[in-house]
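Here is the structure we will look at, set down as structure tokens.
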Amino acid sequence: MQQEILVRSFCRQTVFSSIYEICQVMRLHFPQKSAQFLAMVVDNRRARFEYELLDTFTAGIVLLGWEVKSVRAGTANLKSAWVTIRDDEAFLENFSVSPWRFAHGIVQEQNRSRKLLLKKNELRKISQKFNETGHTIIPLKVFSDRGFLKCELAVARGRKKHEKRQVLKERSEKKIARQVMKNFNG
């Protein structure tokens with residue numbers, strides 16, 4: 001109750017310029033609700049259909065200030081992105097971040113390589129699986145975790161056309177089965 005009054009009085013006195021500032025104040029005063037601050041920013045839904053996911057990892061991303069603001073605003077695109085490994089470091093390639101509209105006088109590259117922050121043993125596992133024939137590393141989603149932007153990666157193998165048809169068939173069968181069970185129970 002004491003914390004709630006403090007936040008209310010603080011909100012009345014200060015005019016916030018963005019939702020992000022309000023979230024920072026709420027996180028400071030209500031740490032038990034930190035699960036609400038885990039928010040997905042960008043999702044690569046097509047990847048789950050195009051590829052068979054073998055293993056997943058979470059990595060931090062090295063971004064510039066305007067890129068962070070632009071990604072949080074939801075103007076990023078993961079559709080054609082992939083991960084490469086150079087000199088024992090992982091890089092996110094072709095991750096398109098639209099220029100931040102309020103950043104003037106800064107050179108804003110949309111598709112530059114962005115370094116991924118992984119532990120050595122995770123990087124070793126990923127590189128071993130990546131070196132196998134037919135495997136690739138793709139980003140699945142970019143999300144915010146306690147104020148930091150993270151990327152979920154997957155070691156994947158591409159599906160052939162007949163495998164994709166089989167996946168669609170299985171999904172439709174599961175959907176029909178759920179509907180039948182729902183009607184049967186309800």
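Every chain in the structure tokens has a letter given in the order shown (A, B, ...), and although residue numbers restart at 1 in each chain, ligands are simply numbered from 1 in the order shown.
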Inset, instruction - Once DSSP has gone over the backbone, tell me which residues of range 70-149 of chain A are in strand (DSSP E or B), as a PyMOL selection string. - result: chain A and resi 76-77+82-86+89-93+96-97+114-117+135-145+148-149
Residues at most 8 Å from Lys115 in chain A, counting only C-alpha atoms, excluding those fewer than 2 positions away in the same chain, as an mmCIF file with N, CA and C atoms, in the first residue's frame?
data_model
loop_
_atom_site.group_PDB
_atom_site.id
_atom_site.type_symbol
_atom_site.label_atom_id
_atom_site.label_comp_id
_atom_site.auth_asym_id
_atom_site.auth_seq_id
_atom_site.Cartn_x
_atom_site.Cartn_y
_atom_site.Cartn_z
ATOM 1 N N ILE A 61 22.127 -8.990 -27.714
ATOM 2 C CA ILE A 61 22.459 -8.334 -28.969
ATOM 3 C C ILE A 61 23.158 -7.007 -28.667
ATOM 4 N N VAL A 62 24.224 -6.727 -29.404
ATOM 5 C CA VAL A 62 24.909 -5.441 -29.275
ATOM 6 C C VAL A 62 24.261 -4.482 -30.265
ATOM 7 N N GLU A 89 33.017 -15.724 -32.897
ATOM 8 C CA GLU A 89 31.979 -14.794 -32.480
ATOM 9 C C GLU A 89 30.781 -14.983 -33.397
ATOM 10 N N ALA A 90 29.595 -14.797 -32.850
ATOM 11 C CA ALA A 90 28.371 -14.934 -33.632
ATOM 12 C C ALA A 90 27.851 -13.553 -34.016
ATOM 13 N N PHE A 91 27.365 -13.434 -35.259
ATOM 14 C CA PHE A 91 26.836 -12.180 -35.759
ATOM 15 C C PHE A 91 25.465 -12.414 -36.380
ATOM 16 N N LEU A 92 24.559 -11.492 -36.117
ATOM 17 C CA LEU A 92 23.222 -11.521 -36.699
ATOM 18 C C LEU A 92 23.254 -10.707 -37.986
ATOM 19 N N SER A 113 25.757 -5.853 -39.687
ATOM 20 C CA SER A 113 25.956 -7.035 -38.845
ATOM 21 C C SER A 113 25.915 -6.613 -37.383
ATOM 22 N N LEU A 117 25.843 -11.905 -28.127
ATOM 23 C CA LEU A 117 26.587 -12.209 -26.903
ATOM 24 C C LEU A 117 26.198 -13.593 -26.405
#
Legend entry - Interatomic distance, CA of Lys160 in chain A to CA of Leu123 in chain A (Å, one decimal): 27.5 Å
For the interface of range 35-126 of chain A with range 132-138 of chain A (cut-off 7 Å, counting only C-alpha atoms), please tabulate each contacting residue of range 35-126 of chain A alongside its nearest pair of atoms and their separation in Å to one decimal, rows sorted by chain and increasing number, as a tab-separated table.
residue	atom	partner	partner_atom	distance
A:Ala81	CA	A:Ile138	CA	6.9
A:Trp82	CA	A:Ile138	CA	4.8
A:Val83	CA	A:Ile137	CA	5.4
Inset, instruction - Would you please work out which residue, of A:Phe102, A:Phe130, A:Phe95, A:Phe143, is nearest to Arg157 in chain A when using only C-alpha atoms? - result: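 Closest candidate: A:Phe130.
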Legend entry - Between CA of Asn131 in chain A and CA of Asp88 in chain A - distance in Å to one decimal: 13.0 Å
Inset, instruction - May I have the residues within 12 Å of Val68 in chain A as a list in words, using only C-alpha atoms and disregarding those fewer than 4 positions away in the same chain? - result: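 These residues fall inside the cut-off: Tyr20, Val41, Ile61, Val62, Leu63, Leu64, Arg72, Ala73, Gly74, Thr75, Ala76, Val97, Ser98, Pro99, Trp100, Ala103, Val142, Phe143, Ser144, Gly147, Phe148, Leu149 and Lys150 of chain A.
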Next, dump the selected residues to file, keeping only N, CA, C and O atoms, as a PDB file, in the first residue's frame.
ATOM      1  N   TYR A  20       8.077   3.739 -21.825  1.00  0.00           N
ATOM      2  CA  TYR A  20       9.294   3.131 -21.317  1.00  0.00           C
ATOM      3  C   TYR A  20       9.672   3.705 -19.952  1.00  0.00           C
ATOM      4  O   TYR A  20      10.039   2.958 -19.049  1.00  0.00           O
ATOM      5  N   VAL A  41       9.173  -8.415 -28.753  1.00  0.00           N
ATOM      6  CA  VAL A  41       9.211  -7.243 -29.605  1.00  0.00           C
ATOM      7  C   VAL A  41       9.032  -7.640 -31.068  1.00  0.00           C
ATOM      8  O   VAL A  41       8.187  -7.101 -31.765  1.00  0.00           O
ATOM      9  N   ILE A  61      22.127  -8.990 -27.714  1.00  0.00           N
ATOM     10  CA  ILE A  61      22.459  -8.334 -28.969  1.00  0.00           C
ATOM     11  C   ILE A  61      23.158  -7.007 -28.667  1.00  0.00           C
ATOM     12  O   ILE A  61      22.719  -6.264 -27.789  1.00  0.00           O
ATOM     13  N   VAL A  62      24.224  -6.727 -29.404  1.00  0.00           N
ATOM     14  CA  VAL A  62      24.909  -5.441 -29.275  1.00  0.00           C
ATOM     15  C   VAL A  62      24.261  -4.482 -30.265  1.00  0.00           C
ATOM     16  O   VAL A  62      24.347  -4.672 -31.473  1.00  0.00           O
ATOM     17  N   LEU A  63      23.577  -3.464 -29.745  1.00  0.00           N
ATOM     18  CA  LEU A  63      22.863  -2.497 -30.577  1.00  0.00           C
ATOM     19  C   LEU A  63      23.267  -1.080 -30.216  1.00  0.00           C
ATOM     20  O   LEU A  63      23.738  -0.819 -29.114  1.00  0.00           O
ATOM     21  N   LEU A  64      23.063  -0.175 -31.143  1.00  0.00           N
ATOM     22  CA  LEU A  64      23.261   1.246 -30.882  1.00  0.00           C
ATOM     23  C   LEU A  64      21.993   1.809 -30.229  1.00  0.00           C
ATOM     24  O   LEU A  64      20.935   1.172 -30.264  1.00  0.00           O
ATOM     25  N   ARG A  72      12.272  -1.479 -29.998  1.00  0.00           N
ATOM     26  CA  ARG A  72      11.204  -1.441 -29.003  1.00  0.00           C
ATOM     27  C   ARG A  72       9.916  -0.866 -29.563  1.00  0.00           C
ATOM     28  O   ARG A  72       8.829  -1.202 -29.112  1.00  0.00           O
ATOM     29  N   ALA A  73      10.045   0.014 -30.552  1.00  0.00           N
ATOM     30  CA  ALA A  73       8.861   0.575 -31.202  1.00  0.00           C
ATOM     31  C   ALA A  73       8.232  -0.426 -32.167  1.00  0.00           C
ATOM     32  O   ALA A  73       7.142  -0.190 -32.674  1.00  0.00           O
ATOM     33  N   GLY A  74       8.912  -1.548 -32.415  1.00  0.00           N
ATOM     34  CA  GLY A  74       8.355  -2.610 -33.255  1.00  0.00           C
ATOM     35  C   GLY A  74       8.626  -2.430 -34.737  1.00  0.00           C
ATOM     36  O   GLY A  74       7.906  -2.982 -35.567  1.00  0.00           O
ATOM     37  N   THR A  75       9.667  -1.698 -35.110  1.00  0.00           N
ATOM     38  CA  THR A  75       9.941  -1.455 -36.527  1.00  0.00           C
ATOM     39  C   THR A  75      11.095  -2.306 -37.047  1.00  0.00           C
ATOM     40  O   THR A  75      11.771  -1.906 -37.986  1.00  0.00           O
ATOM     41  N   ALA A  76      11.327  -3.458 -36.464  1.00  0.00           N
ATOM     42  CA  ALA A  76      12.391  -4.359 -36.910  1.00  0.00           C
ATOM     43  C   ALA A  76      11.780  -5.544 -37.653  1.00  0.00           C
ATOM     44  O   ALA A  76      10.595  -5.843 -37.512  1.00  0.00           O
ATOM     45  N   VAL A  97      16.487  -3.099 -39.191  1.00  0.00           N
ATOM     46  CA  VAL A  97      15.952  -2.173 -38.193  1.00  0.00           C
ATOM     47  C   VAL A  97      15.698  -0.846 -38.901  1.00  0.00           C
ATOM     48  O   VAL A  97      16.619  -0.236 -39.416  1.00  0.00           O
ATOM     49  N   SER A  98      14.446  -0.426 -38.922  1.00  0.00           N
ATOM     50  CA  SER A  98      14.109   0.837 -39.581  1.00  0.00           C
ATOM     51  C   SER A  98      14.743   2.000 -38.823  1.00  0.00           C
ATOM     52  O   SER A  98      14.846   1.966 -37.603  1.00  0.00           O
ATOM     53  N   PRO A  99      15.154   3.035 -39.548  1.00  0.00           N
ATOM     54  CA  PRO A  99      15.779   4.187 -38.877  1.00  0.00           C
ATOM     55  C   PRO A  99      14.830   4.838 -37.872  1.00  0.00           C
ATOM     56  O   PRO A  99      13.630   4.931 -38.109  1.00  0.00           O
ATOM     57  N   TRP A 100      15.396   5.264 -36.752  1.00  0.00           N
ATOM     58  CA  TRP A 100      14.625   5.945 -35.710  1.00  0.00           C
ATOM     59  C   TRP A 100      14.319   7.340 -36.207  1.00  0.00           C
ATOM     60  O   TRP A 100      15.212   8.101 -36.579  1.00  0.00           O
ATOM     61  N   ALA A 103      16.169  10.486 -34.620  1.00  0.00           N
ATOM     62  CA  ALA A 103      17.636  10.556 -34.597  1.00  0.00           C
ATOM     63  C   ALA A 103      18.113  11.298 -35.841  1.00  0.00           C
ATOM     64  O   ALA A 103      18.108  10.761 -36.936  1.00  0.00           O
ATOM     65  N   VAL A 142      13.009 -11.678 -31.056  1.00  0.00           N
ATOM     66  CA  VAL A 142      13.741 -10.695 -30.273  1.00  0.00           C
ATOM     67  C   VAL A 142      12.784 -10.227 -29.196  1.00  0.00           C
ATOM     68  O   VAL A 142      11.643  -9.872 -29.482  1.00  0.00           O
ATOM     69  N   PHE A 143      13.235 -10.284 -27.947  1.00  0.00           N
ATOM     70  CA  PHE A 143      12.364  -9.909 -26.842  1.00  0.00           C
ATOM     71  C   PHE A 143      13.131  -9.086 -25.825  1.00  0.00           C
ATOM     72  O   PHE A 143      14.357  -9.049 -25.815  1.00  0.00           O
ATOM     73  N   SER A 144      12.386  -8.417 -24.970  1.00  0.00           N
ATOM     74  CA  SER A 144      12.966  -7.577 -23.931  1.00  0.00           C
ATOM     75  C   SER A 144      12.902  -8.332 -22.613  1.00  0.00           C
ATOM     76  O   SER A 144      11.843  -8.779 -22.200  1.00  0.00           O
ATOM     77  N   GLY A 147      14.729  -5.062 -19.437  1.00  0.00           N
ATOM     78  CA  GLY A 147      15.311  -3.887 -20.062  1.00  0.00           C
ATOM     79  C   GLY A 147      16.359  -4.174 -21.114  1.00  0.00           C
ATOM     80  O   GLY A 147      16.772  -3.278 -21.835  1.00  0.00           O
ATOM     81  N   PHE A 148      16.816  -5.418 -21.231  1.00  0.00           N
ATOM     82  CA  PHE A 148      17.820  -5.784 -22.227  1.00  0.00           C
ATOM     83  C   PHE A 148      17.141  -6.502 -23.384  1.00  0.00           C
ATOM     84  O   PHE A 148      16.263  -7.333 -23.167  1.00  0.00           O
ATOM     85  N   LEU A 149      17.566  -6.212 -24.597  1.00  0.00           N
ATOM     86  CA  LEU A 149      17.028  -6.915 -25.759  1.00  0.00           C
ATOM     87  C   LEU A 149      17.820  -8.197 -25.979  1.00  0.00           C
ATOM     88  O   LEU A 149      19.048  -8.176 -26.024  1.00  0.00           O
ATOM     89  N   LYS A 150      17.111  -9.301 -26.089  1.00  0.00           N
ATOM     90  CA  LYS A 150      17.725 -10.616 -26.291  1.00  0.00           C
ATOM     91  C   LYS A 150      17.161 -11.225 -27.571  1.00  0.00           C
ATOM     92  O   LYS A 150      16.080 -10.854 -28.025  1.00  0.00           O
TER      93      LYS A 150
END
Inset, instruction - Would you please extract all helix (DSSP H, G or I) residues from range 31-156 of chain A, as assigned by DSSP on the backbone, and give them as a PyMOL selection string? - result: chain A and resi 31-37+45-50+65-72+120-131
